[in-house]
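Structure data follow from entry_35.cif (mmCIF, C-alpha atoms):
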data_data
loop_
_atom_site.label_atom_id
_atom_site.label_comp_id
_atom_site.auth_asym_id
_atom_site.auth_seq_id
_atom_site.Cartn_x
_atom_site.Cartn_y
_atom_site.Cartn_z
CA MET C 1 0.00 0.00 0.00
CA PRO C 2 1.60 3.29 -1.01
CA ASP C 3 2.32 5.89 1.66
CA ILE C 4 -0.13 8.73 1.62
CA PRO C 5 1.84 12.00 1.57
CA ALA C 6 1.25 14.27 4.53
CA ARG C 7 -1.29 16.92 3.76
CA PRO C 8 0.33 20.37 3.86
CA ALA C 9 -1.40 22.70 6.24
CA PRO C 10 -3.37 25.38 4.48
CA ASP C 11 -1.96 28.89 4.70
CA GLU C 12 -4.58 30.06 7.15
CA GLU C 13 -3.94 27.19 9.53
CA TRP C 14 -0.22 27.77 9.28
CA ASP C 15 -0.53 31.48 9.93
CA ASP C 16 -2.81 30.78 12.86
CA LEU C 17 -0.26 28.37 14.28
CA LEU C 18 2.49 30.96 14.01
CA ARG C 19 0.22 33.50 15.67
CA GLN C 20 -0.25 31.06 18.56
CA LEU C 21 3.49 30.65 18.78
CA ARG C 22 3.97 34.41 19.06
CA ALA C 23 1.14 34.74 21.54
CA GLN C 24 2.83 32.50 24.09
CA PRO C 25 3.13 34.07 27.55
CA LEU C 26 6.55 35.65 27.94
CA ALA C 27 8.65 33.34 30.06
CA GLN C 28 10.90 34.96 32.64
CA PRO C 29 13.74 33.54 34.72
CA ARG C 30 12.96 32.88 38.36
CA PRO C 31 13.14 35.85 40.76
CA TYR C 32 16.57 37.00 42.01
CA PHE C 33 18.21 36.10 38.74
CA TYR C 34 20.78 38.87 39.13
CA GLN C 35 21.81 37.55 42.56
CA ARG C 36 22.41 34.12 41.08
CA VAL C 37 24.51 35.57 38.27
CA HIS C 38 26.47 37.52 40.86
CA ALA C 39 27.04 34.39 42.93
CA ARG C 40 28.24 32.50 39.87
CA LEU C 41 30.66 35.30 39.05
CA ALA C 42 32.00 35.17 42.59
CA THR C 43 32.66 31.44 42.38
CA ARG C 44 34.48 31.90 39.07
CA ALA C 45 36.92 34.43 40.49
CA PRO C 46 39.31 32.03 42.27
CA ALA C 47 39.61 29.88 39.17
CA ALA C 48 40.33 32.92 37.04
CA ALA C 49 42.89 34.16 39.53
CA LEU C 50 44.92 30.96 39.30
CA ALA C 51 45.08 31.21 35.50
CA LEU C 52 46.90 27.89 35.22
CA PRO C 53 45.71 24.89 33.27
CA GLY C 54 44.18 22.24 35.49
CA TRP C 55 46.77 19.59 34.73
CA LEU C 56 49.58 21.94 35.73
CA ARG C 57 48.04 22.39 39.16
CA ARG C 58 48.49 18.70 39.93
CA PRO C 59 51.85 18.25 41.68
CA ALA C 60 52.63 14.90 40.05
CA TYR C 61 52.27 16.35 36.59
CA ALA C 62 54.27 19.43 37.54
CA VAL C 63 57.13 17.26 38.87
CA LEU C 64 57.00 15.07 35.78
CA LEU C 65 57.10 18.13 33.56
CA GLY C 66 60.10 19.47 35.49
CA GLY C 67 61.89 16.15 35.06
CA VAL C 68 61.24 16.06 31.34
CA VAL C 69 62.50 19.63 30.94
CA LEU C 70 65.68 18.82 32.88
CA VAL C 71 66.37 15.72 30.82
CA LEU C 72 65.75 17.44 27.51
CA SER C 73 67.65 20.62 28.32
CA GLY C 74 70.90 18.89 29.39
CA ASP C 75 73.52 17.63 26.88
CA GLY C 76 74.48 14.63 28.97
CA ALA C 77 77.76 16.21 30.10
CA THR C 78 77.18 15.14 33.64
CA LEU C 79 76.94 11.52 32.62
CA ARG C 80 79.97 11.47 30.32
CA PRO C 81 82.79 11.38 32.95
CA ALA C 82 81.12 8.49 34.63
CA LEU C 83 80.91 6.59 31.37
CA GLN C 84 84.47 7.42 30.33
CA GLY C 85 85.94 6.86 33.77
CA PRO C 86 86.93 3.18 33.49
CA LYS C 87 88.67 3.72 30.09
CA ASN C 88 91.14 6.37 31.35
CA ALA C 89 91.77 4.78 34.65
CA GLY C 90 95.18 3.13 35.09
CA PRO C 91 95.99 0.02 37.08
CA PRO C 92 94.65 0.20 40.57
CA ARG C 93 97.14 1.50 43.05
CA LEU C 94 97.51 -0.10 46.39
CA LEU C 95 96.72 2.09 49.32
CA PRO C 96 99.68 2.75 51.68
CA ARG C 97 99.48 0.94 54.92
CA MET H 1 47.49 41.23 45.85
CA ALA H 2 43.96 42.03 44.82
CA TRP H 3 43.11 38.38 45.33
CA ALA H 4 44.54 38.45 48.82
CA SER H 5 42.52 41.51 49.75
CA ALA H 6 39.42 39.94 48.26
CA GLN H 7 39.94 36.92 50.49
CA ARG H 8 40.17 39.11 53.55
CA THR H 9 36.93 40.94 52.80
CA PRO H 10 34.25 38.48 51.72
CA TYR H 11 31.84 41.06 50.31
CA ARG H 12 34.37 42.78 48.07
CA ILE H 13 34.47 39.72 46.03
CA PHE H 14 36.90 39.61 43.15
CA THR H 15 38.79 41.08 40.31
CA VAL H 16 38.59 39.88 36.74
CA ALA H 17 40.84 40.16 33.74
CA HIS H 18 39.18 43.22 32.25
CA PRO H 19 39.06 46.84 33.32
CA VAL H 20 36.14 46.33 35.70
CA PRO H 21 37.90 46.53 39.04
CA LEU H 22 35.62 45.13 41.69
CA LEU H 23 32.10 43.88 41.87
CA GLU H 24 30.40 44.69 45.12
CA ALA H 25 27.76 42.54 46.74
CA PRO H 26 24.29 43.03 45.27
CA SER H 27 22.76 46.20 46.54
CA PRO H 28 19.34 47.78 46.08
CA PRO H 29 18.96 49.62 42.78
CA SER H 30 19.89 53.26 43.00
CA THR H 31 17.37 55.99 42.39
CA ALA H 32 19.55 57.58 39.71
CA ARG H 33 19.40 54.44 37.61
CA ALA H 34 15.65 54.29 37.78
CA SER H 35 15.23 57.83 36.51
CA ALA H 36 15.83 57.24 32.77
CA PRO H 37 16.76 54.27 30.63
CA VAL H 38 20.38 54.39 29.49
CA ALA H 39 21.26 53.63 25.87
CA ASP H 40 23.05 50.34 25.25
CA ALA H 41 26.26 52.03 24.13
CA GLU H 42 26.37 54.11 27.27
CA LEU H 43 25.62 51.05 29.37
CA VAL H 44 28.54 49.23 27.77
CA ALA H 45 30.84 52.22 28.36
CA GLN H 46 29.84 52.36 32.02
CA LEU H 47 30.30 48.63 32.42
CA GLN H 48 33.74 48.84 30.86
CA GLN H 49 34.60 51.42 33.49
CA GLY H 50 33.51 49.02 36.22
CA SER H 51 30.03 50.18 37.10
CA GLU H 52 28.11 47.53 38.98
CA ALA H 53 24.89 49.49 38.47
CA ALA H 54 25.45 49.26 34.72
CA PHE H 55 25.86 45.49 34.94
CA ARG H 56 22.71 45.21 37.01
CA ALA H 57 20.83 47.36 34.48
CA LEU H 58 22.13 45.27 31.59
CA VAL H 59 21.03 42.04 33.26
CA ALA H 60 17.62 43.50 34.08
CA ARG H 61 17.17 44.73 30.52
CA TYR H 62 18.18 41.56 28.72
CA GLN H 63 17.57 38.67 31.10
CA GLY H 64 14.12 37.98 29.67
CA ARG H 65 15.22 37.92 26.05
CA VAL H 66 18.31 35.83 26.75
CA TYR H 67 16.35 33.40 28.90
CA ARG H 68 13.52 33.04 26.38
CA THR H 69 15.95 32.44 23.53
CA ALA H 70 17.67 29.68 25.47
CA LEU H 71 14.32 28.26 26.57
CA ALA H 72 13.04 28.17 22.99
CA LEU H 73 16.05 26.12 21.96
CA LEU H 74 16.29 23.87 25.00
CA ARG H 75 12.66 23.60 26.22
CA SER H 76 13.92 23.16 29.74
CA PRO H 77 13.64 26.01 32.27
CA GLU H 78 16.59 24.73 34.33
CA GLU H 79 18.94 24.43 31.38
CA ALA H 80 17.76 27.76 29.98
CA GLU H 81 18.47 29.45 33.30
CA ASP H 82 21.93 27.91 33.38
CA VAL H 83 22.69 29.13 29.86
CA ALA H 84 21.32 32.60 30.62
CA GLN H 85 23.53 32.89 33.69
CA GLU H 86 26.55 31.79 31.67
CA VAL H 87 25.78 34.43 29.05
CA PHE H 88 25.89 37.24 31.60
CA VAL H 89 29.00 35.84 33.27
CA GLU H 90 30.69 35.83 29.87
CA VAL H 91 29.49 39.36 29.18
CA TYR H 92 30.96 40.54 32.46
CA GLN H 93 34.27 38.80 31.89
CA THR H 94 34.73 39.89 28.28
CA ILE H 95 33.05 43.29 28.15
CA GLY H 96 36.51 44.85 28.05
CA ARG H 97 37.01 43.36 24.60
CA PHE H 98 33.62 44.47 23.27
CA ARG H 99 34.33 46.99 20.54
CA GLY H 100 30.79 47.53 19.33
CA GLU H 101 31.14 45.96 15.87
CA ALA H 102 27.77 44.35 16.54
CA SER H 103 25.03 45.77 18.70
CA LEU H 104 24.81 44.66 22.31
CA SER H 105 21.58 42.76 21.70
CA THR H 106 23.10 40.94 18.71
CA TRP H 107 26.06 39.92 20.83
CA LEU H 108 23.78 38.67 23.59
CA TYR H 109 21.58 36.72 21.20
CA ARG H 110 24.70 35.19 19.69
CA LEU H 111 25.98 34.14 23.10
CA ALA H 112 22.56 32.77 24.07
CA THR H 113 22.05 30.72 20.92
CA SER H 114 25.57 29.31 20.83
CA GLY H 115 25.41 28.55 24.56
CA ALA H 116 22.08 26.78 24.20
CA LEU H 117 23.26 24.70 21.24
CA LYS H 118 26.44 23.78 23.10
CA SER H 119 24.44 22.76 26.15
CA ARG H 120 22.17 20.60 24.01
CA ARG H 121 25.12 18.91 22.31
CA ARG H 122 26.63 18.12 25.72
CA ALA H 123 23.33 16.62 26.90
CA ARG H 124 23.07 14.49 23.78
CA THR H 125 26.64 13.26 24.14
CA LYS H 126 25.97 12.39 27.77
CA LYS H 127 22.84 10.53 26.80
CA ARG H 128 24.64 8.55 24.10
CA LEU H 129 27.44 7.68 26.50
CA ALA H 130 24.93 6.59 29.14
CA TYR H 131 23.19 4.46 26.56
CA PHE H 132 26.37 2.65 25.51
CA THR H 133 27.45 2.28 29.11
CA SER H 134 24.13 0.67 29.93
CA LEU H 135 24.45 -1.64 26.93
CA LEU H 136 27.83 -2.81 28.18
CA GLY H 137 26.37 -3.28 31.63
CA PHE H 138 28.94 -1.11 33.43
CA ASN H 139 26.32 0.29 35.71
CA ASN H 140 22.66 0.09 36.43
CA ALA H 141 22.04 3.79 36.12
CA VAL H 142 18.77 4.91 34.64
CA LEU H 143 19.18 6.41 31.21
CA HIS H 144 19.01 10.16 31.12
CA HIS H 145 16.12 11.48 29.12
CA PRO H 146 15.74 15.17 28.52
CA PRO H 147 12.77 16.40 30.50
CA ASP H 148 9.65 16.65 28.45
CA HIS H 149 8.29 20.01 29.46
CA ALA H 150 4.99 20.31 27.71
CA HIS H 151 4.28 23.86 26.80
CA PRO H 152 1.62 25.30 29.14
CA LEU H 153 -0.57 26.41 26.26
CA ALA H 154 -0.23 23.04 24.58
CA LEU H 155 -1.72 21.43 27.65
CA LEU H 156 -4.99 23.16 26.96
CA GLU H 157 -7.52 21.55 24.73
CA GLY H 158 -7.02 22.31 21.07
CA GLN H 159 -3.32 23.20 21.47
CA GLN H 160 -1.84 19.89 20.42
CA GLN H 161 -0.91 21.36 17.08
CA LEU H 162 1.28 23.96 18.76
CA GLN H 163 3.02 21.28 20.78
CA LEU H 164 3.53 19.29 17.60
CA LEU H 165 5.06 22.36 15.95
CA LEU H 166 7.44 22.88 18.90
CA ASP H 167 8.45 19.22 18.76
CA ARG H 168 9.15 19.49 15.04
CA VAL H 169 11.09 22.73 15.47
CA ALA H 170 13.32 20.92 17.96
CA ARG H 171 14.21 18.39 15.25
CA LEU H 172 15.30 20.96 12.68
CA PRO H 173 19.01 21.39 11.94
CA ASP H 174 20.65 23.83 14.37
CA SER H 175 20.92 26.81 12.03
CA GLN H 176 17.33 26.45 10.80
CA GLN H 177 16.07 26.07 14.34
CA VAL H 178 17.88 29.19 15.53
CA ALA H 179 16.64 31.20 12.56
CA PHE H 180 13.06 29.99 13.02
CA THR H 181 13.09 30.64 16.76
CA LEU H 182 14.56 34.12 16.45
CA ARG H 183 12.07 35.00 13.74
CA HIS H 184 8.84 33.54 15.05
CA GLU H 185 9.35 33.53 18.82
CA GLN H 186 11.71 36.47 19.40
CA GLU H 187 10.33 38.36 16.39
CA LEU H 188 13.71 39.58 15.17
CA SER H 189 14.06 41.04 11.69
CA TYR H 190 15.89 39.17 8.94
CA ALA H 191 18.81 41.59 9.24
CA GLU H 192 19.04 41.03 12.99
CA ILE H 193 18.96 37.27 12.55
CA ALA H 194 21.67 37.55 9.90
CA ALA H 195 23.81 39.53 12.34
CA VAL H 196 23.30 36.96 15.10
CA LEU H 197 24.14 34.04 12.82
CA GLY H 198 26.98 35.91 11.12
CA THR H 199 25.52 35.38 7.69
CA SER H 200 23.66 37.29 4.99
CA VAL H 201 19.97 38.16 4.75
CA PRO H 202 19.45 35.88 1.70
CA ALA H 203 21.00 33.03 3.66
CA VAL H 204 18.55 33.66 6.49
CA GLU H 205 15.68 33.72 4.01
CA SER H 206 16.86 30.39 2.67
CA LEU H 207 17.13 28.90 6.18
CA LEU H 208 13.64 30.06 7.06
CA PHE H 209 12.20 28.84 3.78
CA ARG H 210 13.63 25.36 4.31
CA ALA H 211 12.52 25.32 7.94
CA ARG H 212 8.95 26.27 7.05
CA GLN H 213 8.89 23.77 4.22
CA THR H 214 9.99 20.96 6.54
CA LEU H 215 7.56 21.96 9.27
CA ARG H 216 4.58 22.32 6.96
CA HIS H 217 5.32 18.93 5.50
CA TYR H 218 4.88 17.31 8.89
CA LEU H 219 2.01 19.42 10.25
#

Show me, as structure tokens, the structure contained in the file I just sent.
Amino acid sequence: MPDIPARPAPDEEWDDLLRQLRAQPLAQPRPYFYQRVHARLATRAPAAALALPGWLRRPAYAVLLGGVVLVLSGDGATLRPALQGPKNAGPPRLLPR
Amino acid sequence: MAWASAQRTPYRIFTVAHPVPLLEAPSPPSTARASAPVADAELVAQLQQGSEAAFRALVARYQGRVYRTALALLRSPEEAEDVAQEVFVEVYQTIGRFRGEASLSTWLYRLATSGALKSRRRARTKKRLAYFTSLLGFNNAVLHHPPDHAHPLALLEGQQQLQLLLDRVARLPDSQQVAFTLRHEQELSYAEIAAVLGTSVPAVESLLFRARQTLRHYL
């Protein structure tokens, strides 16, 4: 059985529907709206004052970041003497008694 | 330093990153403000200089329009209130950068519509996630359904058609829905809608034409 196409609303019905839409009672926010906006602004202030991304405020991440920066910024000079130490070292000398 | 002083005195609450220095605790409206309505441009200038009375006046002037725009898109008073509050918080925090390229009302409508659409997308994502979580059996939480707030008029006899229209409007694509709502509920002109959507008047005409065509097909 073929689908019967939906009957388009006549112009008058459509206009009447739009009139009903416009004639809705004007909704308003609940009383003391300004006080609630003010309270929300007040709670936002501490977060704005910190101005740091959330992940950076976690100590573990901050320490990890510091470690990564230290590792990447160095040229490994501090490790080189330790690595080269055994090559340059001569025969072990006996300690005097 | 300002933060430290704000912590010491609980009613001198905070500083923000724009020229407005301090926002005092809500106080009764002054008599000077009630004498004559201030033009939007002047209101913005006063707010940029840190006037709390100007912010209060701005909220009082636009809270209804912002709230109704959000409500028309979300159909939930609680979510609309949340979006409306966010709009004014954003206005307060970014008024220093407002240069007046668009009118104040256009800017507010833009914030309200984008905020409402964002809120709706978040709710849909949450619902989808809850659905998949429930399918996988991770928890026994009840699926979140957006509240079905029947329009008060639609509850009356003979108003089912209006409710049907509102339901169909909610299913339109975002841009068509915003254009239709601003035109037929907020009664904005085509030029104003174009300014809110950041598009041209012919584009708005096209959006409205397609929206009406879709709606009339189903009604």

Checklist entry - For the file shown, what are the residues hit by the PyMOL selection byres ((chain C) within 7 of (chain H)), laid out as a PyMOL selection string? => result chain C and resi 6+8-9+17-18+21-22+27-29+34-35+37+41-42+45

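By chain and then residue number, the residues within 8 Å of range 98-107 of chain H are Asp40, Ala41, Tyr62, Thr94, Ile95, Arg110, Leu111, Glu192, Ala195 and Val196 of chain H, counting all atoms listed in the file and disregarding those fewer than 3 positions away in sequence.
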
Next on the checklist: Between CA of Ala70 in chain H and CA of Thr113 in chain H, what distance in Å does the model show, to one decimal?
Outcome noted: 6.4 Å

Item to check | Point-to-point distance from CA of Leu188 in chain H to CA of Leu47 in chain H, Å rounded to tenths | outcome: 25.6 Å

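The spacing separating CA of Ala39 in chain H from CA of Ala179 in chain H amounts to 26.5 Å.
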